[in-house]
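Below is protein.cif, holding mmCIF, C-alpha atoms and all ligand atoms.
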```cif
data_target
#
loop_
_atom_site.label_atom_id
_atom_site.label_comp_id
_atom_site.auth_asym_id
_atom_site.auth_seq_id
_atom_site.Cartn_x
_atom_site.Cartn_y
_atom_site.Cartn_z
CA MET M 101 1.06 -9.18 0.64
CA PRO M 102 -2.77 -8.93 0.77
CA TYR M 103 -4.60 -10.16 3.87
CA LEU M 104 -6.45 -13.31 2.64
CA PHE M 105 -9.65 -12.57 4.53
CA ASP M 106 -9.86 -8.96 3.38
CA ASN M 107 -12.21 -7.18 5.75
CA THR M 108 -14.18 -5.30 3.18
CA ALA M 109 -15.91 -8.57 2.16
CA ASP M 110 -19.48 -9.44 3.22
CA GLN M 111 -18.32 -12.57 5.08
CA THR M 112 -16.56 -10.39 7.66
CA VAL M 113 -19.75 -9.89 9.69
CA GLU M 114 -20.19 -13.64 10.19
CA ARG M 115 -16.49 -14.18 10.97
CA PHE M 116 -16.46 -11.47 13.65
CA ALA M 117 -19.79 -12.71 15.10
CA VAL M 118 -18.30 -16.19 15.62
CA LEU M 119 -15.07 -14.83 17.12
CA GLU M 120 -17.07 -12.71 19.55
CA SER M 121 -19.57 -15.38 20.59
CA ARG M 122 -17.18 -18.35 20.77
CA TYR M 123 -13.93 -16.78 22.04
CA ASP M 124 -14.61 -13.45 23.82
CA LEU M 125 -15.45 -14.97 27.19
CA PHE M 126 -12.18 -16.91 27.20
CA SER M 127 -10.19 -13.87 26.03
CA GLN M 128 -11.79 -11.70 28.71
CA GLY M 129 -10.70 -14.20 31.36
CA GLN M 130 -7.15 -14.18 30.03
CA LEU M 131 -7.01 -10.38 29.87
CA GLY M 132 -8.35 -10.25 33.43
CA LEU M 133 -5.31 -12.25 34.60
CA THR M 134 -3.11 -9.22 33.91
CA GLY M 135 -4.98 -7.17 36.51
CA LEU M 136 -6.66 -4.96 33.87
CA GLY M 137 -8.69 -2.36 35.71
CA PRO M 138 -9.56 1.33 36.23
CA GLY M 139 -7.02 3.82 34.94
CA TRP M 140 -5.20 1.43 32.58
CA ARG M 141 -4.03 2.59 29.15
CA CYS M 142 -4.54 -0.20 26.62
CA LEU M 143 -3.91 -0.84 22.94
CA GLU M 144 -6.09 -3.33 21.05
CA VAL M 145 -4.44 -4.08 17.69
CA GLY M 146 -6.55 -5.25 14.73
CA GLY M 147 -9.68 -5.06 16.87
CA GLY M 148 -12.02 -6.26 14.09
CA GLY M 149 -15.63 -5.98 15.27
CA GLY M 150 -14.48 -4.12 18.39
CA SER M 151 -16.23 -6.31 20.99
CA LEU M 152 -13.14 -6.86 23.13
CA ALA M 153 -12.05 -3.23 22.89
CA CYS M 154 -15.48 -2.15 24.18
CA TRP M 155 -15.29 -4.68 27.01
CA MET M 156 -11.82 -3.38 27.92
CA GLY M 157 -13.17 0.18 27.69
CA GLU M 158 -15.71 -0.63 30.44
CA ARG M 159 -13.02 -2.22 32.60
CA VAL M 160 -10.59 0.74 32.46
CA ALA M 161 -13.16 3.35 33.54
CA PRO M 162 -12.75 5.66 35.27
CA GLY M 163 -9.57 7.31 34.16
CA GLY M 164 -8.29 4.75 31.63
CA GLU M 165 -8.41 4.57 27.83
CA VAL M 166 -8.36 1.97 25.10
CA THR M 167 -6.97 2.69 21.63
CA VAL M 168 -8.37 0.18 19.16
CA THR M 169 -6.82 -0.02 15.70
CA ASP M 170 -7.62 -1.83 12.49
CA LEU M 171 -6.68 -1.67 8.82
CA GLU M 172 -10.41 -1.53 8.17
CA PRO M 173 -12.24 0.03 11.15
CA ARG M 174 -15.71 0.13 9.53
CA TRP M 175 -17.01 -2.85 11.56
CA ALA M 176 -15.92 -1.57 14.96
CA ALA M 177 -17.25 1.88 13.98
CA THR M 178 -20.84 0.56 13.84
CA ARG M 179 -20.70 -0.66 17.46
CA PRO M 180 -21.58 1.83 20.25
CA ARG M 181 -18.35 2.49 22.16
CA PRO M 182 -17.75 3.57 25.77
CA ALA M 183 -16.24 7.07 25.99
CA THR M 184 -12.95 5.47 27.04
CA VAL M 185 -12.46 3.83 23.60
CA ARG M 186 -10.71 5.59 20.68
CA LEU M 187 -10.91 3.94 17.24
CA LEU M 188 -8.11 4.40 14.68
CA ARG M 189 -7.57 3.29 11.08
CA HIS M 190 -4.01 2.04 11.39
CA ASP M 191 -1.59 -0.46 9.87
CA ILE M 192 0.46 -2.07 12.64
CA VAL M 193 3.21 -3.01 10.15
CA ARG M 194 3.76 0.34 8.46
CA ASP M 195 2.24 3.24 10.39
CA PRO M 196 3.97 5.08 13.26
CA ALA M 197 3.17 3.63 16.70
CA PRO M 198 -0.31 4.73 17.86
CA GLY M 199 1.16 5.53 21.29
CA ASP M 200 3.56 4.15 23.88
CA GLY M 201 3.83 3.45 27.58
CA PHE M 202 0.77 1.16 27.47
CA ASP M 203 -0.17 -0.94 30.52
CA LEU M 204 -1.57 -3.61 28.19
CA VAL M 205 -1.27 -4.38 24.49
CA HIS M 206 -3.55 -7.08 23.09
CA ALA M 207 -3.94 -8.61 19.64
CA ARG M 208 -6.08 -11.63 18.76
CA LEU M 209 -5.59 -13.40 15.43
CA VAL M 210 -3.71 -10.53 13.83
CA LEU M 211 0.00 -11.45 13.84
CA LEU M 212 -0.87 -14.91 12.44
CA HIS M 213 -1.79 -13.17 9.18
CA LEU M 214 1.24 -10.88 8.96
CA PRO M 215 4.46 -12.02 7.25
CA GLU M 216 6.20 -9.34 9.37
CA ARG M 217 4.86 -10.87 12.62
CA LEU M 218 8.24 -10.95 14.43
CA HIS M 219 8.95 -7.34 13.56
CA VAL M 220 5.45 -6.42 14.77
CA LEU M 221 6.01 -8.37 17.99
CA ASP M 222 9.14 -6.28 18.68
CA ARG M 223 7.20 -3.10 17.92
CA LEU M 224 4.43 -4.08 20.35
CA VAL M 225 6.95 -4.82 23.12
CA LYS M 226 8.43 -1.31 22.66
CA MET M 227 4.95 0.22 23.02
CA LEU M 228 4.60 -1.22 26.55
CA LYS M 229 5.59 0.64 29.69
CA PRO M 230 8.17 -1.22 31.81
CA GLY M 231 6.17 -3.97 33.55
CA GLY M 232 3.33 -3.64 31.01
CA TRP M 233 1.60 -6.75 29.62
CA LEU M 234 1.48 -8.09 26.08
CA VAL M 235 -1.32 -10.61 25.40
CA LEU M 236 -1.24 -12.34 22.01
CA GLU M 237 -3.97 -14.83 21.17
CA GLU M 238 -3.48 -17.00 18.09
CA PHE M 239 -4.82 -20.18 16.52
CA ASP M 240 -3.00 -23.41 15.96
CA SER M 241 -5.00 -24.07 12.79
CA SER M 242 -3.45 -27.53 12.31
CA TRP M 243 -5.40 -29.14 15.15
CA THR M 244 -9.03 -29.33 14.02
CA PRO M 245 -9.82 -33.06 14.29
CA VAL M 246 -13.21 -34.26 13.08
CA LEU M 247 -14.93 -35.45 16.28
CA ALA M 248 -18.01 -37.06 14.67
CA ALA M 249 -19.20 -37.68 11.12
CA SER M 250 -21.78 -39.87 9.41
CA ASP M 251 -19.04 -41.50 7.31
CA GLU M 252 -15.42 -41.24 6.25
CA VAL M 253 -16.35 -39.43 3.04
CA ALA M 254 -17.64 -36.52 5.13
CA SER M 255 -14.43 -36.33 7.19
CA ALA M 256 -12.27 -36.55 4.07
CA LEU M 257 -14.23 -33.75 2.38
CA PHE M 258 -13.82 -31.44 5.38
CA GLU M 259 -10.12 -32.21 5.64
CA ARG M 260 -9.50 -31.64 1.94
CA VAL M 261 -11.30 -28.29 1.81
CA HIS M 262 -9.75 -27.16 5.09
CA ALA M 263 -6.22 -28.15 4.06
CA THR M 264 -6.65 -26.13 0.87
CA VAL M 265 -7.75 -23.06 2.84
CA LEU M 266 -4.65 -23.40 5.04
CA ARG M 267 -2.46 -23.58 1.93
CA LEU M 268 -4.04 -20.37 0.62
CA LEU M 269 -3.37 -18.72 3.97
CA GLU M 270 0.29 -19.74 3.78
CA GLN M 271 0.55 -18.47 0.21
CA ALA M 272 -0.78 -15.10 1.46
CA GLY M 273 2.03 -14.94 4.03
CA ALA M 274 0.10 -16.20 7.06
CA GLU M 275 1.49 -18.76 9.51
CA PRO M 276 -1.44 -21.08 10.33
CA VAL M 277 0.41 -22.63 13.30
CA TRP M 278 1.68 -19.33 14.75
CA GLY M 279 -0.33 -20.19 17.89
CA ARG M 280 2.19 -22.88 18.80
CA GLN M 281 5.12 -20.55 18.12
CA VAL M 282 3.94 -17.42 19.88
CA LEU M 283 5.01 -18.20 23.45
CA GLY M 284 8.58 -18.97 22.36
CA ALA M 285 8.68 -15.83 20.23
CA MET M 286 7.54 -13.75 23.21
CA MET M 287 10.29 -15.26 25.38
CA ARG M 288 12.88 -14.48 22.69
CA ALA M 289 11.54 -10.92 22.48
CA GLY M 290 12.63 -10.48 26.11
CA LEU M 291 9.27 -10.69 27.88
CA GLU M 292 9.08 -12.02 31.43
CA GLU M 293 6.44 -13.99 33.38
CA VAL M 294 5.45 -15.63 30.09
CA ALA M 295 2.51 -18.04 30.36
CA ALA M 296 -0.22 -19.41 28.09
CA THR M 297 -3.60 -21.14 28.18
CA THR M 298 -5.39 -22.81 25.28
CA TYR M 299 -9.13 -22.94 24.60
CA ALA M 300 -11.06 -25.15 22.21
CA GLU M 301 -14.56 -26.58 21.96
CA ALA M 302 -16.61 -28.84 19.70
CA TRP M 303 -18.31 -27.17 16.72
CA GLN M 304 -21.41 -29.10 15.58
CA GLY M 305 -23.02 -28.86 12.15
CA GLY M 306 -25.88 -26.34 12.22
CA GLY M 307 -24.35 -24.53 15.22
CA GLU M 308 -22.86 -21.07 15.39
CA GLY M 309 -19.14 -21.82 15.71
CA ILE M 310 -18.89 -23.93 12.57
CA GLN M 311 -20.16 -20.97 10.52
CA PHE M 312 -16.59 -19.66 10.82
CA HIS M 313 -15.67 -22.22 8.16
CA ARG M 314 -18.57 -21.04 5.99
CA ALA M 315 -17.35 -17.44 6.13
CA ASN M 316 -13.77 -18.37 5.32
CA VAL M 317 -14.48 -20.89 2.57
CA GLU M 318 -17.13 -18.69 0.93
CA GLN M 319 -14.74 -15.74 0.84
CA VAL M 320 -12.01 -17.69 -0.97
CA ALA M 321 -14.32 -19.86 -3.13
CA GLY M 322 -12.75 -18.47 -6.32
CA GLN M 323 -9.23 -19.43 -5.21
CA LEU M 324 -10.48 -22.82 -4.02
CA ALA M 325 -11.90 -23.49 -7.49
CA GLU M 326 -8.48 -22.71 -9.00
CA ALA M 327 -6.99 -25.17 -6.47
CA GLY M 328 -9.35 -27.92 -7.64
CA ILE M 329 -12.27 -27.65 -5.18
CA GLY M 330 -15.23 -27.53 -7.57
CA PRO M 331 -18.85 -26.33 -7.09
CA ARG M 332 -20.13 -29.87 -6.38
CA GLU M 333 -17.65 -30.35 -3.53
CA LEU M 334 -18.53 -26.93 -2.18
CA GLU M 335 -22.26 -27.82 -2.18
CA GLN M 336 -21.41 -30.95 -0.17
CA PHE M 337 -19.27 -28.84 2.15
CA TRP M 338 -22.15 -26.42 2.85
CA ALA M 339 -24.41 -29.42 3.62
CA LEU M 340 -21.79 -30.79 6.02
CA LEU M 341 -21.70 -27.53 7.95
CA GLU M 342 -25.47 -27.89 8.53
CA ASP M 343 -25.40 -31.61 9.43
CA PRO M 344 -25.76 -32.18 13.22
CA ALA M 345 -24.02 -35.55 12.79
CA PHE M 346 -20.86 -33.67 11.79
CA VAL M 347 -18.75 -32.24 14.60
CA VAL M 348 -15.30 -30.73 14.30
CA ASN M 349 -12.97 -29.33 16.92
CA SER M 350 -12.82 -25.56 16.93
CA TYR M 351 -9.52 -23.88 16.20
CA PRO M 352 -7.58 -23.98 19.48
CA LEU M 353 -6.91 -20.40 20.59
CA ILE M 354 -3.59 -20.13 22.42
CA SER M 355 -3.60 -17.10 24.67
CA ALA M 356 -0.04 -16.14 25.59
CA ARG M 357 0.94 -13.32 27.91
CA GLY M 358 4.17 -11.80 29.15
CA ARG M 359 5.51 -8.61 30.72
CA ARG M 360 8.09 -6.13 29.57
CA PRO M 361 10.97 -6.17 32.07
CA ARG M 362 10.73 -3.38 34.62
CA GLN M 363 14.37 -2.32 34.09
C1 LIG F 401 -9.08 -12.51 12.08
S1 LIG F 401 -9.46 -10.83 12.32
C2 LIG F 401 -9.49 -10.75 14.11
C3 LIG F 401 -10.30 -9.60 14.62
C4 LIG F 401 -10.29 -9.44 16.15
N1 LIG F 401 -8.95 -9.23 16.65
C5 LIG F 401 -10.92 -10.64 16.82
O1 LIG F 401 -10.19 -11.50 17.30
O2 LIG F 401 -12.16 -10.70 16.84
C6 LIG F 401 -7.92 -9.99 11.96
C7 LIG F 401 -8.04 -8.47 12.07
O3 LIG F 401 -6.74 -7.91 11.89
C8 LIG F 401 -6.86 -6.77 11.05
N2 LIG F 401 -5.56 -6.55 10.41
C9 LIG F 401 -4.95 -7.30 9.45
N3 LIG F 401 -3.77 -6.76 9.12
C10 LIG F 401 -3.62 -5.65 9.90
C11 LIG F 401 -2.61 -4.65 10.01
N4 LIG F 401 -1.50 -4.69 9.25
N5 LIG F 401 -2.78 -3.65 10.90
C12 LIG F 401 -3.90 -3.59 11.67
N6 LIG F 401 -4.90 -4.50 11.60
C13 LIG F 401 -4.77 -5.52 10.72
C14 LIG F 401 -7.94 -7.15 10.07
O4 LIG F 401 -8.49 -6.03 9.42
C15 LIG F 401 -8.93 -7.87 11.00
O5 LIG F 401 -9.86 -7.00 11.56
#
```
Starting from the coordinates I provided, produce the structure as C-alpha cells.
Amino acid sequence: MPYLFDNTADQTVERFAVLESRYDLFSQGQLGLTGLGPGWRCLEVGGGGGSLACWMGERVAPGGEVTVTDLEPRWAATRPRPATVRLLRHDIVRDPAPGDGFDLVHARLVLLHLPERLHVLDRLVKMLKPGGWLVLEEFDSSWTPVLAASDEVASALFERVHATVLRLLEQAGAEPVWGRQVLGAMMRAGLEEVAATTYAEAWQGGGEGIQFHRANVEQVAGQLAEAGIGPRELEQFWALLEDPAFVVNSYPLISARGRRPRQ
C-alpha cells in the first residue's frame, strides 16, 4: 500500500522542517533517558530529514555508530552528517535487517503509516541486543482540539478538512491513533521497563507548527477534492492557517520506550 505522504513530493521539506523544529527537543530528551552515549550502536528507522540521526551521531562519539534508514533517503543525504552516521536506502517492512545487536533502535512517526506495524515492531525488537532500548514515538492524531477561533465556522472547517485527511490516511493503511496503542503493543512484544511521555503544544495561525497541516493538506489536495473538499474550502483553509486568531493543539507525540529482556 503506498505511503500517503510520499516523500518524493515537494511538501516533504516543510513537513520535515516542522517535525525537526517542533518535536526534536522533546525526542532528544526522551532518547537521553535511555542513557544514550559514547560507544552506542543505534538504528534510526525512517529517519526522514536526518536531524535526529545526526544528533544521535554526535552523542555516540567516540566509538559508536548510527545507522539511519529511509525508503527515500534524499532529504537526509543533503544534511552534513557526523562521521559516526551511515545512511541507507532501506524498507523496514521488506528488506533484510540493516544490522542487529543494537543498543538503541528509534523510529518516530514511521510505524503509524505501515499496515505491517506489528510485524515491524517484532522485527525491531529482534534487532536489539539483550537489554537494548526500543523508542517508538507516534502521534495520537485524534486529539487536535481547536483552542481558539474567531467563530464556529472556522473550527468546523478545520475539523472537516482534518477528519478527511485522517480518513485518507486510514484508507492508505495508516493507523492515525497508533500513538495510544504503541505502549501496549510494546508490552505484548515482550519489552520490559516500558514507559511513555506525551508532548503537545499550541499551534497558532501564521506560526511554524501549523504549517504541518499546510504540507499534508496540500500534498493530498487532489484526493481531498474527490472526497468533497473543493477549491473554495481549501482557500478558506489556507487563510485559517495564517490567522493568528486560530489556534489548534499540535498532534500529541507519545514517546514510548522499553527494553529487550536481558535473558
Ligand atoms: C512522517 S515521516 C517521519 C520522519 C522522521 N522519522 C521524523 O520524525 O522527522 C515518515 C518517514 O518514514 C519513512 N518510511 C515510510 N515507510 C517506510 C519504510 N517501509 N521503511 C523505511 N522508511 C519508511 C518515510 O520515507 C518518511 O521519511
* To do: Please provide as a ChimeraX atom specification all residues within 8 Å of segment 289-303 of chain M, with the sequence filter that same-chain residues fewer than 2 positions apart are discarded (counting all atoms listed in the file).
  => /M:126,221-222,225,247,283,285-287,305,307-310,347-361
* To do: Please provide as JSON, numbers by chain all residues within 9 Å of Gln128 of chain M, with the sequence filter that same-chain residues fewer than 6 positions apart are discarded (counting all atoms listed in the file).
  => {"M": [152, 155, 156]}
Taking only residues of chain M that have an atom at most 8 Å from an atom of ligand LIG 401 (chain F), what is each one's shortest atom pair and its distance in Å to one decimal, using all atoms listed in the file, in chain and number order, as a Markdown table?
```
| residue | atom | partner | partner_atom | distance |
| --- | --- | --- | --- | --- |
| M:Tyr103 | CA | F:LIG401 | C9 | 6.3 |
| M:Phe105 | CA | F:LIG401 | C1 | 7.6 |
| M:Asp106 | CA | F:LIG401 | O4 | 6.9 |
| M:Asn107 | CA | F:LIG401 | O4 | 5.4 |
| M:Arg115 | CA | F:LIG401 | C1 | 7.7 |
| M:Phe116 | CA | F:LIG401 | O2 | 5.4 |
| M:Leu119 | CA | F:LIG401 | O2 | 5.1 |
| M:Glu120 | CA | F:LIG401 | O2 | 6.0 |
| M:Asp124 | CA | F:LIG401 | O2 | 7.9 |
| M:Glu144 | CA | F:LIG401 | N1 | 7.9 |
| M:Val145 | CA | F:LIG401 | C12 | 6.1 |
| M:Gly146 | CA | F:LIG401 | N6 | 3.6 |
| M:Gly147 | CA | F:LIG401 | N1 | 4.2 |
| M:Gly148 | CA | F:LIG401 | O5 | 3.4 |
| M:Gly149 | CA | F:LIG401 | O2 | 6.1 |
| M:Gly150 | CA | F:LIG401 | C4 | 7.1 |
| M:Ser151 | CA | F:LIG401 | O2 | 7.3 |
| M:Leu152 | CA | F:LIG401 | O2 | 7.4 |
| M:Thr169 | CA | F:LIG401 | C12 | 6.1 |
| M:Asp170 | CA | F:LIG401 | N6 | 3.9 |
| M:Leu171 | CA | F:LIG401 | N6 | 4.3 |
| M:Glu172 | CA | F:LIG401 | O4 | 5.0 |
| M:Pro173 | CA | F:LIG401 | O4 | 7.3 |
| M:Arg189 | CA | F:LIG401 | C12 | 7.8 |
| M:His190 | CA | F:LIG401 | C12 | 5.6 |
| M:Asp191 | CA | F:LIG401 | N5 | 3.6 |
| M:Ile192 | CA | F:LIG401 | N5 | 4.0 |
| M:Val193 | CA | F:LIG401 | N4 | 5.1 |
| M:Arg194 | CA | F:LIG401 | N4 | 7.3 |
| M:Ala207 | CA | F:LIG401 | N1 | 5.9 |
| M:Arg208 | CA | F:LIG401 | N1 | 4.3 |
| M:Leu209 | CA | F:LIG401 | C2 | 4.9 |
| M:Val210 | CA | F:LIG401 | O3 | 4.5 |
| M:Leu211 | CA | F:LIG401 | N3 | 7.6 |
| M:His213 | CA | F:LIG401 | C9 | 6.7 |
| M:Leu214 | CA | F:LIG401 | N3 | 6.5 |
```
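Residues in contact with segment 334-341 of chain M at 7 Å, where all atoms listed in the file are counted and same-chain residues fewer than 3 positions away are skipped, are listed as Phe258, Gly305, Gly306, Ile310, Ile329, Gly330, Pro331 and Phe346 of chain M.
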* Asked: Which distance in Å separates atom CA of Cys142 of chain M and atom CA of Leu187 of chain M, to one decimal?
  ->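 Calculated distance between atom CA of Cys142 of chain M and atom CA of Leu187 of chain M is 12.1 Å.
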* Could you state the separation of atom CA of Ala327 of chain M and atom CA of Pro276 of chain M in Å, given to one decimal place? ->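 Separating atom CA of Ala327 of chain M from atom CA of Pro276 of chain M is a distance of 18.2 Å.
In terms of minimum interatomic distance to Leu204 of chain M, M:Leu143 ranks closest within M:Ala263, M:Leu188, M:Val160, M:Leu143, counting only C-alpha atoms.
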* To do: Could you jot down the atom CA of Asp251 of chain M to atom CA of Arg122 of chain M separation for me, Å, one decimal place?
  =>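 Between these atoms lies a distance of 26.8 Å.
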Excluding Arg267 of chain M and residues on its chain fewer than 5 positions from it, collect all residues at most 12 Å away from it, counting all atoms listed in the file, and give them as a short mmCIF file (atom, residue, chain, number, x, y, z; two decimals) with C-alpha atoms, keeping the file's coordinate frame.
```cif
data_model
loop_
_atom_site.label_atom_id
_atom_site.label_comp_id
_atom_site.auth_asym_id
_atom_site.auth_seq_id
_atom_site.Cartn_x
_atom_site.Cartn_y
_atom_site.Cartn_z
CA LEU M 104 -6.45 -13.31 2.64
CA SER M 241 -5.00 -24.07 12.79
CA SER M 242 -3.45 -27.53 12.31
CA ARG M 260 -9.50 -31.64 1.94
CA VAL M 261 -11.30 -28.29 1.81
CA HIS M 262 -9.75 -27.16 5.09
CA ALA M 272 -0.78 -15.10 1.46
CA GLY M 273 2.03 -14.94 4.03
CA ALA M 274 0.10 -16.20 7.06
CA GLU M 275 1.49 -18.76 9.51
CA PRO M 276 -1.44 -21.08 10.33
CA VAL M 277 0.41 -22.63 13.30
CA VAL M 320 -12.01 -17.69 -0.97
CA GLN M 323 -9.23 -19.43 -5.21
CA LEU M 324 -10.48 -22.82 -4.02
CA ALA M 327 -6.99 -25.17 -6.47
#
```
